[in-house]
>>> print(open('input.cif').read())   # mmCIF, C-alpha atoms and all ligand atoms
data_structure
#
loop_
_atom_site.label_atom_id
_atom_site.label_comp_id
_atom_site.auth_asym_id
_atom_site.auth_seq_id
_atom_site.Cartn_x
_atom_site.Cartn_y
_atom_site.Cartn_z
CA MET A 1 24.53 8.74 -20.47
CA GLY A 2 26.68 10.89 -18.14
CA TRP A 3 23.78 13.30 -17.62
CA LEU A 4 21.55 10.42 -16.55
CA SER A 5 23.88 9.14 -13.83
CA LYS A 6 24.49 12.77 -12.75
CA PHE A 7 20.73 13.33 -12.53
CA LEU A 8 20.15 10.09 -10.61
CA ASN A 9 22.96 10.95 -8.20
CA SER A 10 21.57 14.41 -7.47
CA ASN A 11 19.04 15.00 -4.69
CA ILE A 12 16.48 16.31 -7.17
CA GLY A 13 16.93 13.20 -9.35
CA LEU A 14 16.28 10.96 -6.32
CA LYS A 15 13.24 13.03 -5.37
CA VAL A 16 11.84 12.63 -8.89
CA LEU A 17 12.37 8.85 -8.59
CA MET A 18 10.64 8.89 -5.20
CA ALA A 19 7.75 10.91 -6.60
CA LEU A 20 7.24 8.63 -9.64
CA SER A 21 7.52 5.38 -7.66
CA GLY A 22 5.29 6.85 -4.93
CA MET A 23 2.70 7.82 -7.52
CA MET A 24 2.68 4.27 -8.88
CA MET A 25 2.20 2.77 -5.42
CA LEU A 26 -0.47 5.32 -4.53
CA GLY A 27 -2.32 4.31 -7.71
CA PHE A 28 -2.15 0.69 -6.59
CA VAL A 29 -3.33 1.51 -3.05
CA VAL A 30 -6.38 3.43 -4.33
CA VAL A 31 -7.31 0.72 -6.88
CA HIS A 32 -6.74 -2.05 -4.28
CA MET A 33 -8.92 -0.20 -1.74
CA THR A 34 -11.68 0.32 -4.30
CA GLY A 35 -11.60 -3.40 -5.09
CA ASN A 36 -11.62 -4.37 -1.41
CA LEU A 37 -14.52 -2.05 -0.58
CA GLN A 38 -16.64 -4.45 -2.64
CA VAL A 39 -16.76 -6.39 0.63
CA PHE A 40 -19.77 -4.15 1.35
CA LEU A 41 -21.51 -5.52 -1.77
CA GLY A 42 -21.35 -9.07 -0.36
CA ALA A 43 -19.40 -12.29 -0.75
CA HIS A 44 -20.25 -12.80 -4.42
CA ALA A 45 -18.88 -9.41 -5.52
CA LEU A 46 -15.60 -9.68 -3.58
CA ASP A 47 -14.99 -13.32 -4.53
CA ARG A 48 -15.63 -12.56 -8.20
CA TYR A 49 -13.07 -9.73 -7.98
CA GLY A 50 -10.52 -12.05 -6.28
CA SER A 51 -11.07 -14.74 -8.91
CA PHE A 52 -10.74 -12.17 -11.71
CA LEU A 53 -7.32 -11.12 -10.34
CA GLN A 54 -6.12 -14.72 -10.05
CA ASN A 55 -7.30 -15.53 -13.57
CA ILE A 56 -5.48 -12.71 -15.39
CA GLY A 57 -2.38 -14.96 -15.29
CA GLU A 58 0.87 -13.34 -16.43
CA LEU A 59 -0.60 -9.84 -16.14
CA LEU A 60 -0.76 -10.32 -12.36
CA TRP A 61 2.97 -11.07 -12.30
CA VAL A 62 3.70 -8.03 -14.50
CA ALA A 63 1.78 -5.86 -11.99
CA ARG A 64 3.60 -7.52 -9.05
CA LEU A 65 6.98 -6.94 -10.72
CA GLY A 66 6.09 -3.28 -11.34
CA LEU A 67 5.08 -2.85 -7.71
CA VAL A 68 8.19 -4.54 -6.32
CA SER A 69 10.37 -2.35 -8.60
CA ALA A 70 8.53 0.82 -7.48
CA LEU A 71 8.89 -0.20 -3.82
CA THR A 72 12.63 -0.93 -4.23
CA ILE A 73 13.27 2.40 -6.00
CA HIS A 74 11.23 4.28 -3.37
CA VAL A 75 13.00 2.70 -0.39
CA LEU A 76 16.49 3.03 -1.92
CA SER A 77 15.99 6.72 -2.84
CA ALA A 78 14.55 7.47 0.61
CA THR A 79 17.49 5.75 2.30
CA ILE A 80 20.09 7.63 0.23
CA LEU A 81 18.34 11.01 0.76
CA THR A 82 18.01 10.36 4.50
CA LEU A 83 21.67 9.35 4.88
CA ARG A 84 22.72 12.44 2.89
CA SER A 85 20.60 14.72 5.07
CA TRP A 86 22.06 13.18 8.25
CA GLY A 87 25.57 13.56 6.78
CA ALA A 88 24.84 17.24 6.02
CA ARG A 89 24.22 18.05 9.70
CA PRO A 90 25.06 19.92 11.95
CA VAL A 91 24.62 22.54 9.20
CA ALA A 92 21.07 23.76 9.88
CA TYR A 93 18.52 22.02 7.66
CA ARG A 94 16.68 24.59 5.60
CA SER A 95 14.79 22.46 3.09
CA LYS A 96 11.23 23.66 2.75
CA TYR A 97 9.49 20.35 2.38
CA TRP A 98 11.52 17.15 2.48
CA PHE A 99 12.01 17.42 6.25
CA ALA A 100 9.74 20.36 6.96
CA PRO A 101 9.06 20.33 10.71
CA SER A 102 5.40 19.32 10.69
CA LEU A 103 3.92 16.25 12.32
CA LEU A 104 3.31 14.63 8.94
CA SER A 105 6.83 15.22 7.61
CA ARG A 106 8.54 14.15 10.84
CA THR A 107 6.82 10.78 10.75
CA MET A 108 7.78 10.01 7.12
CA LEU A 109 10.71 7.77 8.00
CA TYR A 110 9.01 5.84 10.83
CA GLY A 111 5.79 5.73 8.82
CA GLY A 112 7.65 4.24 5.85
CA VAL A 113 9.21 1.54 8.06
CA ALA A 114 5.81 0.80 9.68
CA ILE A 115 4.17 0.44 6.25
CA GLY A 116 6.96 -1.95 5.17
CA LEU A 117 6.36 -4.12 8.25
CA PHE A 118 2.61 -3.97 7.63
CA LEU A 119 3.10 -5.16 4.06
CA VAL A 120 4.97 -8.29 5.21
CA LEU A 121 2.25 -9.06 7.78
CA HIS A 122 -0.47 -8.36 5.21
CA LEU A 123 0.95 -10.67 2.52
CA LEU A 124 1.38 -13.49 5.02
CA HIS A 125 -2.07 -12.80 6.43
CA LEU A 126 -4.28 -12.58 3.34
CA SER A 127 -2.04 -13.81 0.51
CA PRO A 128 -0.03 -16.69 2.04
CA SER A 129 -0.38 -18.64 -1.20
CA ILE A 130 2.12 -16.23 -2.83
CA PHE A 131 4.73 -17.84 -0.58
CA GLY A 132 3.31 -21.35 -0.96
CA LEU A 133 2.40 -21.31 2.74
CA ASP A 134 -0.39 -23.56 3.85
CA HIS A 135 0.28 -23.61 7.55
CA GLY A 136 2.57 -21.71 9.89
CA ILE A 137 2.00 -17.98 9.93
CA ALA A 138 -1.11 -18.37 7.76
CA ALA A 139 -2.66 -19.73 10.95
CA ILE A 140 -3.24 -16.12 12.06
CA THR A 141 -6.17 -16.38 9.66
CA PRO A 142 -8.02 -19.37 11.13
CA GLY A 143 -10.09 -20.97 8.38
CA TYR A 144 -8.01 -19.40 5.55
CA GLU A 145 -9.33 -20.63 2.19
CA HIS A 146 -7.00 -21.02 -0.78
CA CYS A 147 -8.25 -20.46 -4.32
CA LYS A 148 -9.79 -23.61 -5.84
CA THR A 149 -9.45 -24.75 -9.46
CA VAL A 150 -12.85 -25.15 -11.07
CA GLY A 151 -13.29 -26.99 -14.38
CA ASP A 152 -10.69 -28.72 -16.60
CA GLY A 153 -8.34 -27.85 -19.39
CA LEU A 154 -8.85 -24.52 -21.14
CA SER A 155 -12.08 -23.80 -19.29
CA ALA A 156 -10.39 -24.22 -15.88
CA SER A 157 -10.46 -21.15 -13.67
CA LEU A 158 -9.64 -20.23 -10.09
CA GLU A 159 -12.33 -19.43 -7.55
CA CYS A 160 -11.22 -17.56 -4.48
CA GLY A 161 -12.93 -17.30 -1.11
CA VAL A 162 -11.59 -13.79 -0.49
CA TYR A 163 -14.71 -12.66 1.41
CA ALA A 164 -14.47 -15.53 3.91
CA ASN A 165 -10.72 -14.88 4.34
CA VAL A 166 -11.34 -11.19 5.04
CA VAL A 167 -14.06 -11.99 7.60
CA HIS A 168 -12.00 -14.74 9.29
CA GLY A 169 -8.88 -12.56 9.20
CA PHE A 170 -10.40 -9.46 10.76
CA SER A 171 -12.36 -11.37 13.41
CA VAL A 172 -9.03 -11.57 15.27
CA VAL A 173 -9.07 -8.33 17.29
CA TRP A 174 -5.29 -7.76 17.53
CA VAL A 175 -4.90 -8.28 13.78
CA SER A 176 -7.63 -5.72 13.05
CA ALA A 177 -6.09 -3.29 15.54
CA LEU A 178 -2.69 -3.63 13.81
CA TYR A 179 -4.30 -2.94 10.43
CA ILE A 180 -6.02 0.19 11.72
CA VAL A 181 -2.78 1.54 13.25
CA ALA A 182 -0.96 0.75 9.98
CA MET A 183 -3.68 2.56 7.99
CA ILE A 184 -3.21 5.66 10.18
CA PHE A 185 0.54 5.57 9.37
CA LEU A 186 -0.24 5.00 5.69
CA GLY A 187 -2.70 7.92 5.62
CA MET A 188 -0.14 10.22 7.27
CA HIS A 189 2.61 9.04 4.90
CA ILE A 190 0.42 9.77 1.88
CA GLY A 191 -0.73 13.08 3.41
CA HIS A 192 2.81 14.42 3.29
CA GLY A 193 4.25 12.23 0.52
CA ALA A 194 1.64 13.18 -2.08
CA TRP A 195 2.19 16.87 -1.33
CA SER A 196 5.96 16.40 -1.74
CA MET A 197 5.25 14.51 -4.95
CA PHE A 198 3.10 17.34 -6.38
CA ARG A 199 5.88 19.84 -5.64
CA THR A 200 8.70 17.69 -6.98
CA LEU A 201 6.77 17.12 -10.19
CA GLY A 202 6.33 20.84 -10.77
CA LEU A 203 3.27 21.98 -8.83
CA ASP A 204 5.34 24.27 -6.60
CA ASN A 205 3.58 27.50 -7.45
CA PRO A 206 2.77 29.19 -4.08
CA ARG A 207 -0.67 29.99 -5.50
CA TYR A 208 -1.61 26.31 -5.63
CA ASP A 209 0.39 25.16 -2.62
CA ARG A 210 -2.54 25.16 -0.19
CA LEU A 211 -4.69 23.37 -2.73
CA ALA A 212 -1.99 20.73 -3.31
CA GLN A 213 -1.52 20.25 0.42
CA GLY A 214 -5.27 19.98 0.98
CA ALA A 215 -5.59 17.43 -1.84
CA ALA A 216 -2.70 15.34 -0.45
CA VAL A 217 -4.11 15.31 3.09
CA SER A 218 -7.58 14.44 1.75
CA ILE A 219 -6.25 11.49 -0.29
CA GLY A 220 -4.33 10.26 2.79
CA ALA A 221 -7.43 10.55 4.99
CA LEU A 222 -9.57 8.80 2.39
CA VAL A 223 -7.15 5.86 2.17
CA ALA A 224 -6.87 5.57 5.98
CA VAL A 225 -10.64 5.74 6.56
CA GLY A 226 -11.63 3.64 3.53
CA ASN A 227 -9.27 0.78 4.42
CA SER A 228 -9.99 0.94 8.17
CA LEU A 229 -13.73 0.64 7.52
CA ILE A 230 -13.17 -2.99 6.47
CA PRO A 231 -11.69 -4.39 9.75
CA ILE A 232 -14.00 -2.15 11.82
CA SER A 233 -17.09 -3.45 9.97
CA VAL A 234 -16.02 -7.06 10.55
CA LEU A 235 -15.36 -6.40 14.25
CA VAL A 236 -18.77 -4.79 14.82
CA GLY A 237 -20.52 -7.54 12.83
CA LEU A 238 -21.65 -5.38 9.92
CA VAL A 239 -19.70 -7.63 7.55
CA HIS A 240 -20.10 -11.31 8.45
CA LEU A 241 -20.31 -14.80 6.97
C1 LIG B 1 -8.02 -3.18 5.17
C2 LIG B 1 -7.31 -3.00 4.07
C3 LIG B 1 -6.92 -4.10 3.13
C4 LIG B 1 -7.59 -5.26 2.81
C5 LIG B 1 -8.95 -5.74 3.32
C6 LIG B 1 -6.78 -5.97 1.87
C7 LIG B 1 -7.09 -7.20 1.32
C8 LIG B 1 -6.26 -7.96 0.54
C9 LIG B 1 -6.54 -9.30 0.07
C10 LIG B 1 -7.82 -10.07 0.36
C11 LIG B 1 -5.48 -9.72 -0.67
C12 LIG B 1 -5.32 -11.08 -1.34
C13 LIG B 1 -5.93 -11.06 -2.71
C14 LIG B 1 -5.78 -12.40 -3.38
O1 LIG B 1 -5.03 -13.25 -2.93
O2 LIG B 1 -6.44 -12.53 -4.42
C15 LIG B 1 -4.52 -8.65 -0.68
C16 LIG B 1 -3.31 -8.68 -1.34
C17 LIG B 1 -2.41 -7.63 -1.36
N1 LIG B 1 -2.51 -6.43 -0.71
FE1 LIG B 1 -4.06 -5.84 0.44
N2 LIG B 1 -5.65 -5.24 1.60
C18 LIG B 1 -5.69 -4.08 2.37
C19 LIG B 1 -4.76 -3.06 2.41
C20 LIG B 1 -3.57 -3.05 1.68
C21 LIG B 1 -2.62 -1.96 1.66
C22 LIG B 1 -2.79 -0.66 2.43
C23 LIG B 1 -1.60 -2.34 0.83
C24 LIG B 1 -0.36 -1.59 0.46
C25 LIG B 1 0.23 -0.69 1.21
C26 LIG B 1 -1.91 -3.66 0.34
C27 LIG B 1 -1.11 -4.38 -0.52
C28 LIG B 1 -1.40 -5.66 -0.99
C29 LIG B 1 -0.53 -6.40 -1.89
C30 LIG B 1 0.79 -5.93 -2.45
C31 LIG B 1 -1.18 -7.65 -2.12
C32 LIG B 1 -0.67 -8.80 -2.98
C33 LIG B 1 -1.34 -8.69 -4.34
C34 LIG B 1 -0.85 -9.83 -5.19
O3 LIG B 1 0.25 -9.69 -5.71
O4 LIG B 1 -1.55 -10.82 -5.31
N3 LIG B 1 -3.11 -4.06 0.86
N4 LIG B 1 -5.01 -7.60 0.04
#
>>> encode(input="input.cif", output="structure tokens")
Amino acid sequence: MGWLSKFLNSNIGLKVLMALSGMMMLGFVVVHMTGNLQVFLGAHALDRYGSFLQNIGELLWVARLGLVSALTIHVLSATILTLRSWGARPVAYRSKYWFAPSLLSRTMLYGGVAIGLFLVLHLLHLSPSIFGLDHGIAAITPGYEHCKTVGDGLSASLECGVYANVVHGFSVVWVSALYIVAMIFLGMHIGHGAWSMFRTLGLDNPRYDRLAQGAAVSIGALVAVGNSLIPISVLVGLVHL
């Protein structure tokens, strides 16, 4: 097992961990966005999706555990790599991509912190039931509706008013504005992070580099625009109760 701890202690080992955990979270973000975009299909579609998620029982907790593990690994690896790179200065930094001096790469650290803060706000905002909160900070979503149990015994299921929560939640202008700013950070983070991920996982052939960079920036832009469309559409009244 010596090779494993050696690998995990090396910069390349940490980058592989970052790439794999990042890929997992990116998968979640894209699936989550696709699910949420059902808001444009109306209340029935989004509520059915919300109820489906709540009714998959243990599987939901398996997915949550996987996500929390990926997030922990990602943040820990990033912290260790960042501290190492700071410790390595003032020797000039010559890495080609981890801290390459472009706008996207320079905002990785701040972007990561901003996304972390967003996640806390987001869970309290649209998923306060995870924390058993009924009042308090959940009040930033006036009219927040918890899932209701429908039926008895084995036929009981949860019905969730996700559509109403989304509309109530994004009717608050400052909340929507915060989401949009966070989505810009998230898009930028993915724009550089996914490119780094492609290279760490072996796609570092100069022939495909431009293609990989273009794909990463496009995925980042798609996530930023796709997610931002939801609060914007509520604010302009396109999505309403
Ligand atoms: C405008 C964009 C977004 C909307 C409208 C949205 C909407 C929602 C809603 C309605 C829930 C609660 C679902 C439920 O309780 O059944 C939720 C949960 C969640 N969202 Fe988002 N979301 C957005 C963006 C994001 C982003 C960018 C991330 C990650 C970076 C994210 C991560 C999560 C997580 C981790 C949960 C908790 C899932 C769970 O364990 O139940 N969301 N989101």
>>> residues_around(input="input.cif", residues="Trp195 in chain A", least_positions_apart="4", cutoff="9 Å", atoms="all atoms listed in the file", output="list in words")
Tyr97, Ile190, Gly191, Arg199, Thr200, Asp209, Ala212, Gln213, Gly214, Ala215, Ala216 and Val217 of chain A
>>> atom_distance(input="input.cif", atom1="CA of Gly226 in chain A", atom2="CA of Gly161 in chain A")
21.5 Å
>>> closest_residue(input="input.cif", among="A:Met188, A:Ile12, A:Leu238, A:Ala164", to="Ile80 in chain A", atoms="only C-alpha atoms")
A:Ile12
>>> atom_distance(input="input.cif", atom1="CA of Ser77 in chain A", atom2="CA of His122 in chain A")
23.7 Å
>>> closest_residue(input="input.cif", among="A:Ala19, A:Ile230, A:Leu26, A:Ala78", to="Val167 in chain A", atoms="only C-alpha atoms")
A:Ile230
>>> atom_distance(input="input.cif", atom1="CA of Val175 in chain A", atom2="CA of Gly66 in chain A")
27.9 Å
>>> closest_residue(input="input.cif", among="A:Trp3, A:Tyr110, A:Phe40, A:Phe198", to="Val16 in chain A", atoms="only C-alpha atoms")
A:Phe198
>>> residues_around(input="input.cif", residues="Ser21 in chain A", least_positions_apart="5", cutoff="7 Å", atoms="all atoms listed in the file", output="number ranges by chain")
A: 70-71, 73-74
>>> closest_residue(input="input.cif", among="A:Val236, A:Leu20, A:Ala194, A:Leu117", to="ligand LIG 1 (chain B)", atoms="only C-alpha atoms and all ligand atoms")
A:Leu117
>>> closest_residue(input="input.cif", among="A:Ile232, A:Ala43, A:Ala224, A:Leu119", to="Trp174 in chain A", atoms="only C-alpha atoms")
A:Ile232
>>> residues_around(input="input.cif", residues="range 45-60 of chain A", least_positions_apart="5", cutoff="8 Å", atoms="all atoms listed in the file", output="JSON, numbers by chain")
{"A": [35, 36, 38, 39, 147, 157, 158, 159, 160, 161, 162, 163]}
>>> axis_aligned_box(input="input.cif", around="ligand LIG 1 (chain B)", padding_each_side="4 Å", output="lines of an AutoDock Vina configuration file")
center_x = -4.1
center_y = -7.0
center_z = -0.3
size_x = 17.7
size_y = 20.6
size_z = 18.9
>>> closest_residue(input="input.cif", among="A:Leu186, A:Leu41, A:Leu8, A:Val234", to="ligand LIG 1 (chain B)", atoms="all atoms listed in the file")
A:Leu186
>>> residues_around(input="input.cif", residues="Ser233 in chain A", least_positions_apart="5", cutoff="12 Å", atoms="all atoms listed in the file", output="list of chain:residue names")
A:Leu37, A:Val39, A:Phe40, A:Val166, A:Val167, A:Phe170, A:Ser171, A:Val173, A:Ser176, A:Ile180, A:Val225, A:Gly226, A:Asn227, A:Ser228, A:Leu238, A:Val239, A:His240
